[in-house]
file input26.txt (compact mmCIF, C-alpha atoms and all ligand atoms)
# COMPACT_ATOMS: atom_id res chain seq x y z
CA MET A 1 54.70 57.68 -10.50
CA ALA A 2 52.40 59.29 -13.08
CA SER A 3 50.45 62.38 -12.00
CA ASP A 4 46.89 61.59 -11.04
CA ALA A 5 45.73 65.11 -10.19
CA GLY A 6 43.44 65.74 -13.15
CA GLY A 7 40.56 68.11 -12.30
CA ILE A 8 41.65 68.85 -8.72
CA PRO A 9 40.01 72.02 -7.36
CA GLU A 10 42.56 74.73 -6.52
CA ARG A 11 42.38 75.77 -2.86
CA GLU A 12 44.46 77.84 -0.54
CA GLY A 13 45.96 76.02 2.40
CA VAL A 14 48.91 74.00 3.62
CA GLY A 15 51.00 73.21 0.53
CA SER A 16 52.97 70.35 2.07
CA GLY A 17 54.84 67.67 0.17
CA LEU A 18 52.31 65.20 1.50
CA ARG A 19 49.45 67.04 -0.12
CA GLU A 20 51.29 67.41 -3.41
CA GLY A 21 52.31 63.77 -3.29
CA LEU A 22 48.73 62.63 -2.76
CA ARG A 23 47.48 64.87 -5.53
CA ALA A 24 49.95 63.31 -7.92
CA ALA A 25 49.54 59.73 -6.73
CA ILE A 26 45.86 59.10 -6.08
CA TYR A 27 43.60 62.11 -6.42
CA SER A 28 41.63 61.15 -9.55
CA LYS A 29 41.11 57.61 -8.20
CA THR A 30 39.44 58.97 -5.06
CA LEU A 31 36.76 60.49 -7.33
CA ASP A 32 35.57 56.99 -8.32
CA CYS A 33 34.01 56.62 -4.84
CA VAL A 34 30.37 57.73 -4.92
CA HIS A 35 30.00 57.51 -1.11
CA CYS A 36 27.27 54.87 -1.31
CA GLY A 37 28.52 53.07 1.81
CA LEU A 38 27.91 49.58 0.43
CA CYS A 39 31.44 48.62 1.51
CA LEU A 40 31.04 49.58 5.16
CA GLN A 41 29.80 46.32 6.60
CA SER A 42 32.52 44.35 4.82
CA CYS A 43 35.24 46.43 6.51
CA PRO A 44 36.72 44.79 9.63
CA THR A 45 38.01 48.00 11.20
CA TYR A 46 34.63 49.69 10.71
CA ARG A 47 32.85 46.71 12.24
CA VAL A 48 35.12 46.82 15.29
CA THR A 49 35.07 50.60 15.83
CA GLY A 50 31.82 51.77 14.23
CA ARG A 51 33.73 54.91 13.16
CA GLU A 52 33.21 56.33 9.69
CA THR A 53 36.86 57.39 9.50
CA ALA A 54 37.86 53.74 10.04
CA SER A 55 35.80 52.66 7.00
CA PRO A 56 36.79 52.52 3.32
CA ARG A 57 34.48 55.43 2.48
CA GLY A 58 35.85 57.47 5.36
CA ARG A 59 39.48 56.74 4.46
CA ILE A 60 38.90 57.70 0.83
CA TYR A 61 37.20 60.87 2.03
CA LEU A 62 40.26 61.69 4.15
CA MET A 63 42.61 61.09 1.21
CA ARG A 64 40.53 63.26 -1.11
CA GLY A 65 39.83 65.97 1.46
CA PHE A 66 43.50 66.32 2.29
CA ALA A 67 44.55 66.34 -1.37
CA GLU A 68 41.98 69.06 -2.09
CA GLY A 69 43.08 71.15 0.88
CA ARG A 70 39.72 70.90 2.67
CA LEU A 71 41.48 69.03 5.50
CA GLN A 72 44.56 70.75 6.87
CA ASP A 73 45.86 68.38 9.55
CA PRO A 74 47.22 65.12 8.10
CA GLU A 75 47.32 63.30 11.46
CA LEU A 76 44.02 61.43 11.10
CA LEU A 77 44.70 60.56 7.48
CA VAL A 78 48.11 59.09 8.38
CA GLU A 79 46.68 57.17 11.35
CA GLU A 80 43.84 55.68 9.28
CA ALA A 81 46.11 54.85 6.34
CA PHE A 82 48.11 52.56 8.62
CA ALA A 83 45.18 51.37 10.77
CA CYS A 84 43.64 49.84 7.64
CA LEU A 85 44.34 46.12 7.26
CA GLY A 86 44.67 46.33 3.49
CA CYS A 87 42.39 43.31 3.26
CA ARG A 88 40.56 44.76 0.23
CA ALA A 89 37.18 43.33 1.24
CA CYS A 90 35.90 46.80 0.31
CA GLU A 91 36.96 46.25 -3.31
CA THR A 92 34.88 43.08 -3.53
CA ALA A 93 31.88 44.92 -2.05
CA CYS A 94 32.22 48.08 -4.14
CA PRO A 95 29.86 48.34 -7.15
CA SER A 96 31.81 51.31 -8.57
CA GLY A 97 35.10 49.50 -9.12
CA VAL A 98 37.05 51.67 -6.68
CA ARG A 99 40.68 50.53 -6.62
CA TYR A 100 41.13 50.97 -2.92
CA GLY A 101 44.22 48.74 -2.55
CA GLU A 102 46.20 50.78 -5.04
CA MET A 103 45.17 54.05 -3.39
CA LEU A 104 46.14 52.74 0.02
CA GLU A 105 49.55 51.52 -1.12
CA ARG A 106 50.31 54.83 -2.83
CA THR A 107 49.10 56.87 0.13
CA ARG A 108 51.36 54.94 2.48
CA ALA A 109 54.29 55.39 0.09
CA VAL A 110 53.75 59.16 -0.02
CA VAL A 111 53.46 59.32 3.79
CA ARG A 112 56.69 57.36 4.25
CA SER A 113 58.57 59.44 1.68
CA GLU A 114 57.51 62.68 3.38
CA GLU A 115 58.21 61.46 6.91
CA LYS A 116 60.86 63.60 8.59
CA ASP A 117 61.33 61.80 11.93
CA ALA A 118 60.20 58.20 11.79
CA SER A 119 59.15 56.73 15.16
CA LEU A 120 61.29 54.05 16.79
CA SER A 121 58.76 51.35 15.87
CA THR A 122 58.79 52.49 12.22
CA LYS A 123 62.61 52.37 12.24
CA ILE A 124 62.58 48.83 13.68
CA GLU A 125 59.95 47.77 11.12
CA ARG A 126 61.99 49.28 8.29
CA PHE A 127 65.18 47.57 9.50
CA ALA A 128 63.46 44.17 9.71
CA LEU A 129 61.86 44.56 6.28
CA ARG A 130 65.07 45.69 4.59
CA GLU A 131 67.80 43.87 6.44
CA ILE A 132 66.24 40.56 7.50
CA VAL A 133 63.12 39.52 5.57
CA PRO A 134 64.61 39.58 2.04
CA ARG A 135 68.01 38.18 3.11
CA PRO A 136 67.79 34.38 3.31
CA ARG A 137 70.97 33.89 5.34
CA ARG A 138 70.01 36.35 8.08
CA LEU A 139 66.43 35.15 8.12
CA GLY A 140 67.67 31.56 8.35
CA ILE A 141 69.91 32.40 11.35
CA LEU A 142 67.01 34.10 13.13
CA VAL A 143 64.65 31.20 12.47
CA GLY A 144 67.38 28.75 13.59
CA LEU A 145 67.71 30.67 16.88
CA LEU A 146 63.95 30.56 17.34
CA ARG A 147 64.04 26.80 16.84
CA TRP A 148 66.61 26.49 19.64
CA VAL A 149 64.54 28.70 21.91
CA GLN A 150 61.51 26.50 21.24
CA ALA A 151 63.51 23.25 21.59
CA LEU A 152 64.84 24.36 25.01
CA ARG A 153 61.32 25.54 25.85
CA LEU A 154 62.67 28.97 26.69
CA ASP A 155 59.61 30.42 24.97
CA ARG A 156 57.65 29.51 28.12
CA LEU A 157 59.53 32.37 29.82
CA SER A 158 57.49 34.76 27.69
CA THR A 159 54.88 34.67 30.47
CA LEU A 160 57.27 36.96 32.36
CA LEU A 161 57.13 39.56 29.60
CA PRO A 162 54.74 42.52 29.52
CA ARG A 163 51.40 41.74 27.83
CA GLY A 164 52.15 43.50 24.52
CA LEU A 165 55.43 41.67 24.02
CA ARG A 166 53.99 38.35 25.25
CA ASP A 167 51.17 38.54 22.69
CA ARG A 168 53.67 39.13 19.90
CA VAL A 169 55.83 36.19 21.01
CA ALA A 170 52.69 34.00 21.00
CA LEU A 171 52.33 34.67 17.27
CA ALA A 172 55.65 32.95 16.49
CA PRO A 173 54.97 29.66 14.71
CA ARG A 174 56.62 26.37 15.64
CA VAL A 175 59.79 26.25 13.57
CA PRO A 176 59.81 23.10 11.43
CA PRO A 177 62.73 20.66 11.52
CA ARG A 178 65.77 21.28 9.34
CA ARG A 179 64.69 18.69 6.74
CA GLU A 180 61.66 20.86 5.92
CA ARG A 181 63.86 23.94 5.50
CA ARG A 182 66.14 22.52 2.79
CA ARG A 183 66.30 24.16 -0.62
CA MET A 184 64.18 22.50 -3.25
CA PRO A 185 65.76 20.80 -6.27
CA LEU A 186 66.42 23.03 -9.27
CA LEU A 187 64.41 20.71 -11.46
CA THR A 188 61.75 18.12 -10.74
CA PRO A 189 60.75 16.07 -13.77
CA ALA A 190 57.12 15.61 -14.76
CA GLU A 191 55.60 12.27 -13.84
CA GLY A 192 53.57 10.36 -16.39
CA VAL A 193 52.37 12.20 -19.48
CA ARG A 194 54.14 15.57 -19.68
CA ARG A 195 51.67 18.50 -19.76
CA GLY A 196 54.06 21.41 -19.48
CA ARG A 197 56.67 23.28 -17.45
CA VAL A 198 56.25 25.66 -14.53
CA ALA A 199 58.55 27.67 -12.27
CA LEU A 200 57.99 27.67 -8.53
CA PHE A 201 58.34 30.90 -6.57
CA GLU A 202 59.78 30.14 -3.13
CA GLY A 203 59.23 33.44 -1.26
CA CYS A 204 61.17 34.68 1.78
CA VAL A 205 59.40 33.28 4.85
CA MET A 206 57.93 30.26 3.07
CA PRO A 207 61.17 28.21 2.76
CA GLU A 208 62.03 28.78 6.43
CA LEU A 209 58.63 28.24 8.03
CA PHE A 210 56.46 26.59 5.36
CA GLY A 211 58.94 24.63 3.27
CA ARG A 212 56.55 21.68 3.42
CA VAL A 213 53.94 23.78 1.58
CA ASN A 214 56.31 24.68 -1.26
CA ASP A 215 57.42 21.06 -1.42
CA ALA A 216 53.82 19.84 -1.52
CA ALA A 217 53.18 22.18 -4.47
CA ARG A 218 56.27 20.87 -6.25
CA LEU A 219 55.18 17.26 -5.80
CA VAL A 220 51.55 17.80 -6.83
CA LEU A 221 52.59 19.74 -9.94
CA SER A 222 55.07 17.04 -10.89
CA ARG A 223 52.44 14.30 -10.39
CA ALA A 224 50.07 16.40 -12.51
CA GLY A 225 52.54 16.19 -15.42
CA TYR A 226 54.44 19.47 -15.02
CA GLU A 227 58.20 19.77 -15.00
CA VAL A 228 58.98 22.11 -12.09
CA ILE A 229 61.97 24.45 -12.06
CA VAL A 230 63.05 26.58 -9.09
CA PRO A 231 65.19 29.51 -10.34
CA ARG A 232 67.92 30.14 -7.75
CA ASN A 233 68.30 33.93 -8.20
CA GLN A 234 64.71 34.69 -7.23
CA GLY A 235 63.90 36.51 -3.97
CA CYS A 236 61.29 38.10 -1.73
CA CYS A 237 58.31 39.51 -3.69
CA GLY A 238 58.25 42.85 -1.84
CA ALA A 239 54.60 42.62 -0.73
CA LEU A 240 55.32 43.41 2.93
CA HIS A 241 57.46 46.36 1.89
CA ALA A 242 54.83 47.80 -0.44
CA HIS A 243 52.13 47.39 2.20
CA SER A 244 54.34 49.30 4.65
CA GLY A 245 54.90 52.19 2.26
CA GLU A 246 58.44 51.11 1.33
CA ILE A 247 57.60 51.16 -2.34
CA GLY A 248 61.13 52.01 -3.56
CA PHE A 249 62.55 48.91 -1.89
CA ALA A 250 59.58 46.82 -3.07
CA ARG A 251 60.40 47.89 -6.64
CA GLU A 252 64.01 46.71 -6.27
CA LEU A 253 62.78 43.31 -5.11
CA ALA A 254 60.22 43.05 -7.91
CA LEU A 255 62.90 43.88 -10.50
CA ARG A 256 65.07 41.10 -9.14
CA ASN A 257 62.25 38.63 -9.73
CA VAL A 258 61.66 40.04 -13.20
CA ARG A 259 65.30 39.19 -13.97
CA ALA A 260 64.99 35.75 -12.35
CA PHE A 261 61.83 34.62 -14.12
CA THR A 262 61.23 36.48 -17.34
CA GLY A 263 64.14 34.85 -19.20
CA GLU A 264 62.36 31.54 -18.66
CA LEU A 265 58.85 32.77 -19.46
CA GLY A 266 58.85 31.62 -23.09
CA GLN A 267 59.22 28.02 -21.89
CA LEU A 268 56.85 28.25 -18.94
CA ASP A 269 53.12 27.66 -18.52
CA ALA A 270 53.14 29.71 -15.31
CA ILE A 271 55.11 30.99 -12.33
CA ILE A 272 53.46 29.17 -9.46
CA VAL A 273 53.13 30.84 -6.04
CA THR A 274 51.93 29.16 -2.85
CA SER A 275 51.43 32.30 -0.73
CA ALA A 276 48.33 34.33 -1.63
CA GLY A 277 49.91 37.57 -0.41
CA CYS A 278 52.90 37.05 -2.72
CA SER A 279 50.86 36.01 -5.77
CA ALA A 280 48.57 39.04 -5.32
CA SER A 281 51.51 41.43 -5.18
CA MET A 282 53.36 39.84 -8.08
CA ARG A 283 50.23 40.02 -10.21
CA GLU A 284 50.17 43.77 -9.62
CA ALA A 285 53.86 44.32 -10.37
CA GLU A 286 53.01 46.46 -13.41
CA SER A 287 51.64 49.21 -11.17
CA TRP A 288 54.99 49.24 -9.32
CA ILE A 289 57.55 48.92 -12.09
CA GLY A 290 55.75 49.35 -15.38
CA GLU A 291 55.97 47.11 -18.45
CA SER A 292 58.53 44.60 -17.18
CA GLY A 293 56.33 44.09 -14.11
CA GLY A 294 53.40 43.42 -16.42
CA VAL A 295 55.34 40.62 -18.10
CA LEU A 296 56.03 39.03 -14.70
CA ALA A 297 52.46 39.60 -13.52
CA ASP A 298 50.97 37.88 -16.57
CA GLY A 299 52.90 34.70 -15.78
CA VAL A 300 52.05 34.47 -12.07
CA ARG A 301 49.34 32.07 -10.84
CA ASP A 302 48.41 30.99 -7.38
CA VAL A 303 48.95 27.24 -7.14
CA LEU A 304 45.29 26.48 -6.28
CA ASP A 305 43.93 28.61 -9.11
CA PHE A 306 46.35 26.97 -11.55
CA LEU A 307 45.50 23.41 -10.50
CA ASP A 308 41.77 24.13 -10.58
CA ASP A 309 42.13 25.27 -14.21
CA ALA A 310 44.54 22.50 -15.19
CA ARG A 311 42.23 19.73 -13.91
CA PRO A 312 44.93 17.08 -14.03
CA GLY A 313 42.49 14.30 -13.15
CA LEU A 314 44.88 12.58 -10.75
CA PRO A 315 43.65 9.58 -8.75
CA LEU A 316 42.85 10.79 -5.23
CA ARG A 317 43.16 8.86 -1.98
CA PRO A 318 40.49 9.45 0.64
CA ILE A 319 41.14 11.86 3.51
CA PRO A 320 38.38 11.27 6.09
CA LYS A 321 38.52 14.72 7.70
CA ARG A 322 36.18 17.67 8.22
CA VAL A 323 37.85 20.72 6.71
CA CYS A 324 36.91 24.42 6.79
CA TYR A 325 38.33 26.39 3.88
CA ASP A 326 39.06 29.92 5.07
CA ASP A 327 39.59 32.46 2.29
CA ALA A 328 42.84 34.41 2.39
CA CYS A 329 41.99 38.06 1.64
CA HIS A 330 44.69 38.32 -1.00
CA LEU A 331 43.29 35.33 -2.84
CA VAL A 332 39.56 36.08 -2.63
CA HIS A 333 39.53 39.89 -2.69
CA ALA A 334 42.74 40.74 -4.55
CA GLN A 335 42.54 37.89 -7.10
CA GLY A 336 38.88 36.86 -7.09
CA VAL A 337 39.75 33.21 -6.39
CA ALA A 338 37.17 31.55 -4.12
CA ALA A 339 35.46 28.60 -5.81
CA GLY A 340 38.56 26.86 -7.23
CA PRO A 341 40.22 25.90 -3.93
CA ARG A 342 36.88 24.59 -2.64
CA ARG A 343 36.40 22.51 -5.80
CA LEU A 344 39.86 21.00 -5.38
CA LEU A 345 39.19 20.06 -1.75
CA GLN A 346 35.69 18.76 -2.46
CA ALA A 347 37.09 16.38 -5.05
CA ILE A 348 39.06 14.51 -2.35
CA PRO A 349 37.08 11.38 -1.36
CA GLU A 350 35.71 11.34 2.20
CA LEU A 351 36.88 14.91 2.86
CA VAL A 352 33.91 16.87 4.19
CA LEU A 353 34.08 20.56 3.42
CA VAL A 354 32.49 22.35 6.35
CA SER A 355 31.33 25.94 5.97
CA HIS A 356 31.58 28.52 8.70
CA ARG A 357 30.21 32.01 9.22
CA ASN A 358 31.90 34.64 7.07
CA PRO A 359 34.94 32.78 5.68
CA GLU A 360 35.85 35.84 3.59
CA ALA A 361 36.38 38.09 6.62
CA CYS A 362 39.96 39.12 7.37
CA CYS A 363 41.72 37.20 10.16
CA GLY A 364 43.68 40.29 11.23
CA ALA A 365 47.14 39.03 10.23
CA ALA A 366 47.52 41.45 7.29
CA GLY A 367 51.26 41.10 6.73
CA ILE A 368 52.85 42.40 9.92
CA TYR A 369 49.73 44.23 11.14
CA ASN A 370 49.33 41.68 13.94
CA LEU A 371 52.76 42.76 15.22
CA THR A 372 52.34 46.50 14.72
CA ARG A 373 48.70 46.78 15.88
CA PRO A 374 48.03 43.72 18.02
CA GLU A 375 44.88 45.01 19.73
CA MET A 376 42.91 45.70 16.54
CA SER A 377 44.32 42.52 15.02
CA ARG A 378 42.98 40.48 17.96
CA ALA A 379 39.59 42.20 17.79
CA VAL A 380 39.33 41.32 14.09
CA LEU A 381 40.49 37.74 14.69
CA GLN A 382 38.11 36.79 17.49
CA PRO A 383 34.85 36.49 15.46
CA LYS A 384 36.73 34.26 13.02
CA ILE A 385 37.97 31.99 15.81
CA ASP A 386 34.45 31.88 17.31
CA ALA A 387 33.07 30.84 13.91
CA LEU A 388 35.71 28.13 13.43
CA ILE A 389 35.22 26.66 16.89
CA GLU A 390 31.46 26.69 16.34
CA ALA A 391 31.85 24.84 12.99
CA GLY A 392 34.18 22.32 14.66
CA PRO A 393 36.31 21.01 11.77
CA ASP A 394 39.40 18.83 12.19
CA LEU A 395 41.38 21.23 10.04
CA VAL A 396 41.25 24.78 8.70
CA ALA A 397 42.75 25.16 5.23
CA THR A 398 44.08 28.58 4.23
CA ALA A 399 46.33 29.65 1.38
CA ASN A 400 48.48 32.31 3.01
CA PRO A 401 51.30 31.82 5.56
CA GLY A 402 50.41 34.93 7.57
CA CYS A 403 46.81 33.75 7.93
CA ALA A 404 48.01 30.26 8.89
CA MET A 405 50.17 31.68 11.70
CA GLN A 406 47.43 34.03 12.89
CA LEU A 407 44.74 31.32 12.92
CA SER A 408 47.08 28.84 14.65
CA ALA A 409 47.86 31.38 17.39
CA GLY A 410 44.18 32.30 17.77
CA LEU A 411 43.08 28.67 18.02
CA ALA A 412 45.91 27.77 20.42
CA ALA A 413 44.94 30.68 22.68
CA ARG A 414 41.48 29.09 22.95
CA HIS A 415 42.99 25.62 23.58
CA SER A 416 41.39 24.35 20.37
CA GLU A 417 42.74 21.21 18.71
CA ILE A 418 41.74 22.35 15.21
CA GLY A 419 44.82 22.12 12.98
CA VAL A 420 45.79 24.61 10.27
CA VAL A 421 47.09 23.54 6.85
CA HIS A 422 47.55 24.89 3.34
CA PRO A 423 45.08 23.24 0.91
CA ILE A 424 48.01 22.08 -1.23
CA GLU A 425 49.18 19.90 1.68
CA LEU A 426 45.87 18.04 1.55
CA LEU A 427 46.16 17.70 -2.22
CA GLU A 428 49.67 16.33 -1.80
CA GLU A 429 48.43 13.76 0.71
CA ALA A 430 45.54 12.81 -1.57
CA THR A 431 47.77 12.38 -4.64
CA ARG A 432 50.60 10.57 -2.82
CA PRO A 433 51.43 7.24 -4.46
CA VAL A 434 50.43 4.27 -2.30
CA THR A 435 54.03 3.06 -2.13
CA ALA A 436 55.43 6.45 -0.91
S1 LIG B 1 41.15 47.28 3.03
FE1 LIG B 1 39.93 46.17 4.59
S2 LIG B 1 40.32 47.30 6.52
FE2 LIG B 1 40.98 48.65 4.84
S3 LIG B 1 39.22 49.93 4.36
FE3 LIG B 1 39.08 48.16 2.97
S4 LIG B 1 37.80 46.65 4.05
FE4 LIG B 1 38.46 48.18 5.59
S1 LIG B 2 34.36 52.56 -1.92
FE1 LIG B 2 32.75 51.85 -3.33
S2 LIG B 2 31.22 50.85 -2.00
FE2 LIG B 2 32.52 52.11 -0.67
S3 LIG B 2 31.44 54.07 -0.51
FE3 LIG B 2 32.90 54.28 -2.21
S4 LIG B 2 31.74 53.72 -4.05
FE4 LIG B 2 30.55 52.98 -2.30

call {"tool": "encode", "arguments": {"input": "input26.txt", "output": "structure tokens"}}
result
Amino acid sequence: MASDAGGIPEREGVGSGLREGLRAAIYSKTLDCVHCGLCLQSCPTYRVTGRETASPRGRIYLMRGFAEGRLQDPELLVEEAFACLGCRACETACPSGVRYGEMLERTRAVVRSEEKDASLSTKIERFALREIVPRPRRLGILVGLLRWVQALRLDRLSTLLPRGLRDRVALAPRVPPRRERRRMPLLTPAEGVRRGRVALFEGCVMPELFGRVNDAARLVLSRAGYEVIVPRNQGCCGALHAHSGEIGFARELALRNVRAFTGELGQLDAIIVTSAGCSASMREAESWIGESGGVLADGVRDVLDFLDDARPGLPLRPIPKRVCYDDACHLVHAQGVAAGPRRLLQAIPELVLVSHRNPEACCGAAGIYNLTRPEMSRAVLQPKIDALIEAGPDLVATANPGCAMQLSAGLAARHSEIGVVHPIELLEEATRPVTA
């Protein structure tokens, strides 16, 4: 990681590895913040707590103060670095172009690398992120077990568990049937007039829990005239690892995808991603792994953004439903994609796009934040659920699997019948041939 300590004032004080790491990793970026506070009201943790230290400005102040040696005790900095959702709503609100997401990721990486005795929960998190999430076979076994538990309705026994554990179990999505968890074909030909060729990124959790979303993307792209390839040696994007401070492991995963996709790039219009969290991370791969990451990043497009640009002009069947589009943070704040998905949905005949209060607010899922910090996650989620129930759509459409699971759990807890889908599923339904 290049040194970023230009112009740092020299001070006496605790010369820990953490301080030196922060000086090298983020110091000059903290100086971009002019303390105007315009980001405060967009920050979910600030809105819940009202505490300055739980705001973007406060967190940047902690990072800078500790790097400069004005703050001696790192405890509050470490707590706030991990209490942040990483939703990046502050970046959208900031008029000074502060790159908060990058600072946060680097701060967490420095904290993790300097950690002497990780807590039990950090060790469990690290084990799950390294040994299960990126390993399709192990993840598949775990998801298969969960399906049996749900089929035998053993999950009802979770009412006997302590509250904290019960709430986490309630977040588990319904596991789809085996037919939706099959691998996709290596190649799907373009239908009609051929417009180009794209590669589809499958992700880690997506094939197991949201295979229907990947498959919907494959079908819509094919109907739109794109030949779709699915490179087999691809893998997890590393987003969850980077967000947890496991940047070294995230780099290994990103390099694997560089090898899987970049050989094909000359023949591709884009690498299509259906999960907003994954597309956001892959588009920032250069900051993790340098030039080769930049090549990968340049090719990556979120499926909704790509289709909005491509304007394939497919005939659309009516879907007579009221739909709320809820922005995934990593699509709207990390990639600036907000209007395109709405345009795509609005084009479907008889579909009524219903607005609700504050669709750009975080839902509190934030990767695995809802598992590691369930209380804050719930507090952030509740205003969103209130707004959705008030708007009363048939469906909520969101472009990130974590958000889909979080919203489903939040709506189920309120006994709401509002369904949750990915917008590409509605596009697939609308473009489905009449005979299918
Ligand atoms: S990323 Fe989200 S939670 Fe974190 S400081 Fe920014 S707005 Fe607040
Ligand atoms: S992060 Fe941006 S909006 Fe927030 S206080 Fe700093 S300069 Fe102002």

call {"tool": "residues_near_point", "arguments": {"input": "input26.txt", "point": "(45.4, 38.1, -4.4)", "cutoff": "12 Å", "atoms": "all atoms listed in the file", "output": "PyMOL selection string"}}
result
chain A and resi 86-89+91-92+101+239+273-284+297+300-305+327-338+399-400

call {"tool": "residues_near_point", "arguments": {"input": "input26.txt", "point": "(41.6, 49.6, -2.2)", "cutoff": "12 Å", "atoms": "all atoms listed in the file", "output": "PyMOL selection string"}}
result
chain A and resi 26+29-30+32-33+39+43+55-57+59-60+81+84-94+96-107+243+330+333-334

call {"tool": "residues_around", "arguments": {"input": "input26.txt", "residues": "A:Leu307", "least_positions_apart": "3", "cutoff": "9 Å", "atoms": "only C-alpha atoms", "output": "tab-separated table (two decimals) with C-alpha atoms, keeping the file's coordinate frame"}}
result
chain	number	residue	atom	x	y	z
A	221	LEU	CA	52.59	19.74	-9.94
A	224	ALA	CA	50.07	16.40	-12.51
A	302	ASP	CA	48.41	30.99	-7.38
A	303	VAL	CA	48.95	27.24	-7.14
A	304	LEU	CA	45.29	26.48	-6.28
A	310	ALA	CA	44.54	22.50	-15.19
A	311	ARG	CA	42.23	19.73	-13.91
A	312	PRO	CA	44.93	17.08	-14.03
A	340	GLY	CA	38.56	26.86	-7.23
A	341	PRO	CA	40.22	25.90	-3.93
A	344	LEU	CA	39.86	21.00	-5.38

call {"tool": "axis_aligned_box", "arguments": {"input": "input26.txt", "around": "ligand LIG 2 (chain B)", "padding_each_side": "3 Å", "output": "JSON"}}
result
{"center_x": 32.5, "center_y": 52.6, "center_z": -2.3, "size_x": 9.8, "size_y": 9.4, "size_z": 9.5}

call {"tool": "atom_distance", "arguments": {"input": "input26.txt", "atom1": "atom CA of A:Leu145", "atom2": "atom CA of A:Cys236"}}
result
21.0 Å

call {"tool": "atom_distance", "arguments": {"input": "input26.txt", "atom1": "atom CA of A:Pro383", "atom2": "atom CA of A:Cys363"}}
result
8.7 Å

call {"tool": "closest_residue", "arguments": {"input": "input26.txt", "among": "A:Pro231, A:Cys204, A:Ala413, A:Ser222", "to": "A:Ile132", "atoms": "only C-alpha atoms"}}
result
A:Cys204

call {"tool": "residues_around", "arguments": {"input": "input26.txt", "residues": "A:Ala285", "least_positions_apart": "4", "cutoff": "9 Å", "atoms": "all atoms listed in the file", "output": "list in words"}}
result
Arg251, Ala254, Ser281, Ile289, Gly290, Glu291, Ser292, Gly293, Gly294, Val295, Leu296 and Ala297 of chain A

call {"tool": "residues_around", "arguments": {"input": "input26.txt", "residues": "A:Gly364", "least_positions_apart": "4", "cutoff": "9 Å", "atoms": "all atoms listed in the file", "output": "PyMOL selection string"}}
result
chain A and resi 44+85+87+369-370+374+376-381+403+406

call {"tool": "closest_residue", "arguments": {"input": "input26.txt", "among": "A:Cys324, A:Ala24, A:Ile368, A:Ala347", "to": "A:Ala83", "atoms": "only C-alpha atoms"}}
result
A:Ile368

call {"tool": "atom_distance", "arguments": {"input": "input26.txt", "atom1": "atom CA of A:Gln267", "atom2": "atom CA of A:Phe306"}}
result
16.5 Å

call {"tool": "residues_around", "arguments": {"input": "input26.txt", "residues": "A:Thr431", "least_positions_apart": "6", "cutoff": "7 Å", "atoms": "all atoms listed in the file", "output": "ChimeraX atom specification"}}
result
/A:220,314-317

call {"tool": "residues_around", "arguments": {"input": "input26.txt", "residues": "A:Ala172", "least_positions_apart": "2", "cutoff": "9 Å", "atoms": "all atoms listed in the file", "output": "PyMOL selection string"}}
result
chain A and resi 146+168-170+174-175+405+409

call {"tool": "closest_residue", "arguments": {"input": "input26.txt", "among": "A:His356, A:Arg64, A:Arg23, A:His241", "to": "ligand LIG 2 (chain B)", "atoms": "all atoms listed in the file"}}
result
A:Arg64

call {"tool": "closest_residue", "arguments": {"input": "input26.txt", "among": "A:Tyr46, A:Trp148, A:Phe201, A:Tyr61", "to": "ligand LIG 1 (chain B)", "atoms": "all atoms listed in the file"}}
result
A:Tyr46

call {"tool": "closest_residue", "arguments": {"input": "input26.txt", "among": "A:Ala366, A:Leu426, A:Leu395, A:Cys237", "to": "A:Ile319", "atoms": "only C-alpha atoms"}}
result
A:Leu426

call {"tool": "decode", "arguments": {"input": "input26.txt", "residues": "stretch 397-404 of chain A", "atoms": "N, CA and C atoms", "output": "PDB file, in the first residue's frame"}}
result
ATOM      1  N   ALA A 397     -38.358  -4.136  -5.076  1.00  0.00           N
ATOM      2  CA  ALA A 397     -37.292  -4.600  -5.964  1.00  0.00           C
ATOM      3  C   ALA A 397     -35.978  -4.003  -5.505  1.00  0.00           C
ATOM      4  N   THR A 398     -34.987  -4.854  -5.247  1.00  0.00           N
ATOM      5  CA  THR A 398     -33.673  -4.379  -4.813  1.00  0.00           C
ATOM      6  C   THR A 398     -32.588  -5.214  -5.487  1.00  0.00           C
ATOM      7  N   ALA A 399     -31.442  -4.586  -5.722  1.00  0.00           N
ATOM      8  CA  ALA A 399     -30.434  -5.206  -6.592  1.00  0.00           C
ATOM      9  C   ALA A 399     -29.258  -5.806  -5.833  1.00  0.00           C
ATOM     10  N   ASN A 400     -29.463  -6.150  -4.582  1.00  0.00           N
ATOM     11  CA  ASN A 400     -28.369  -6.739  -3.807  1.00  0.00           C
ATOM     12  C   ASN A 400     -28.914  -7.881  -2.946  1.00  0.00           C
ATOM     13  N   PRO A 401     -28.241  -9.046  -2.932  1.00  0.00           N
ATOM     14  CA  PRO A 401     -28.805 -10.179  -2.181  1.00  0.00           C
ATOM     15  C   PRO A 401     -28.898  -9.926  -0.682  1.00  0.00           C
ATOM     16  N   GLY A 402     -27.899  -9.242  -0.117  1.00  0.00           N
ATOM     17  CA  GLY A 402     -27.941  -8.957   1.325  1.00  0.00           C
ATOM     18  C   GLY A 402     -29.138  -8.092   1.675  1.00  0.00           C
ATOM     19  N   CYS A 403     -29.406  -7.084   0.834  1.00  0.00           N
ATOM     20  CA  CYS A 403     -30.569  -6.218   1.084  1.00  0.00           C
ATOM     21  C   CYS A 403     -31.861  -7.034   0.948  1.00  0.00           C
ATOM     22  N   ALA A 404     -31.896  -7.916  -0.046  1.00  0.00           N
ATOM     23  CA  ALA A 404     -33.108  -8.728  -0.257  1.00  0.00           C
ATOM     24  C   ALA A 404     -33.405  -9.575   0.983  1.00  0.00           C
TER      25      ALA A 404
END
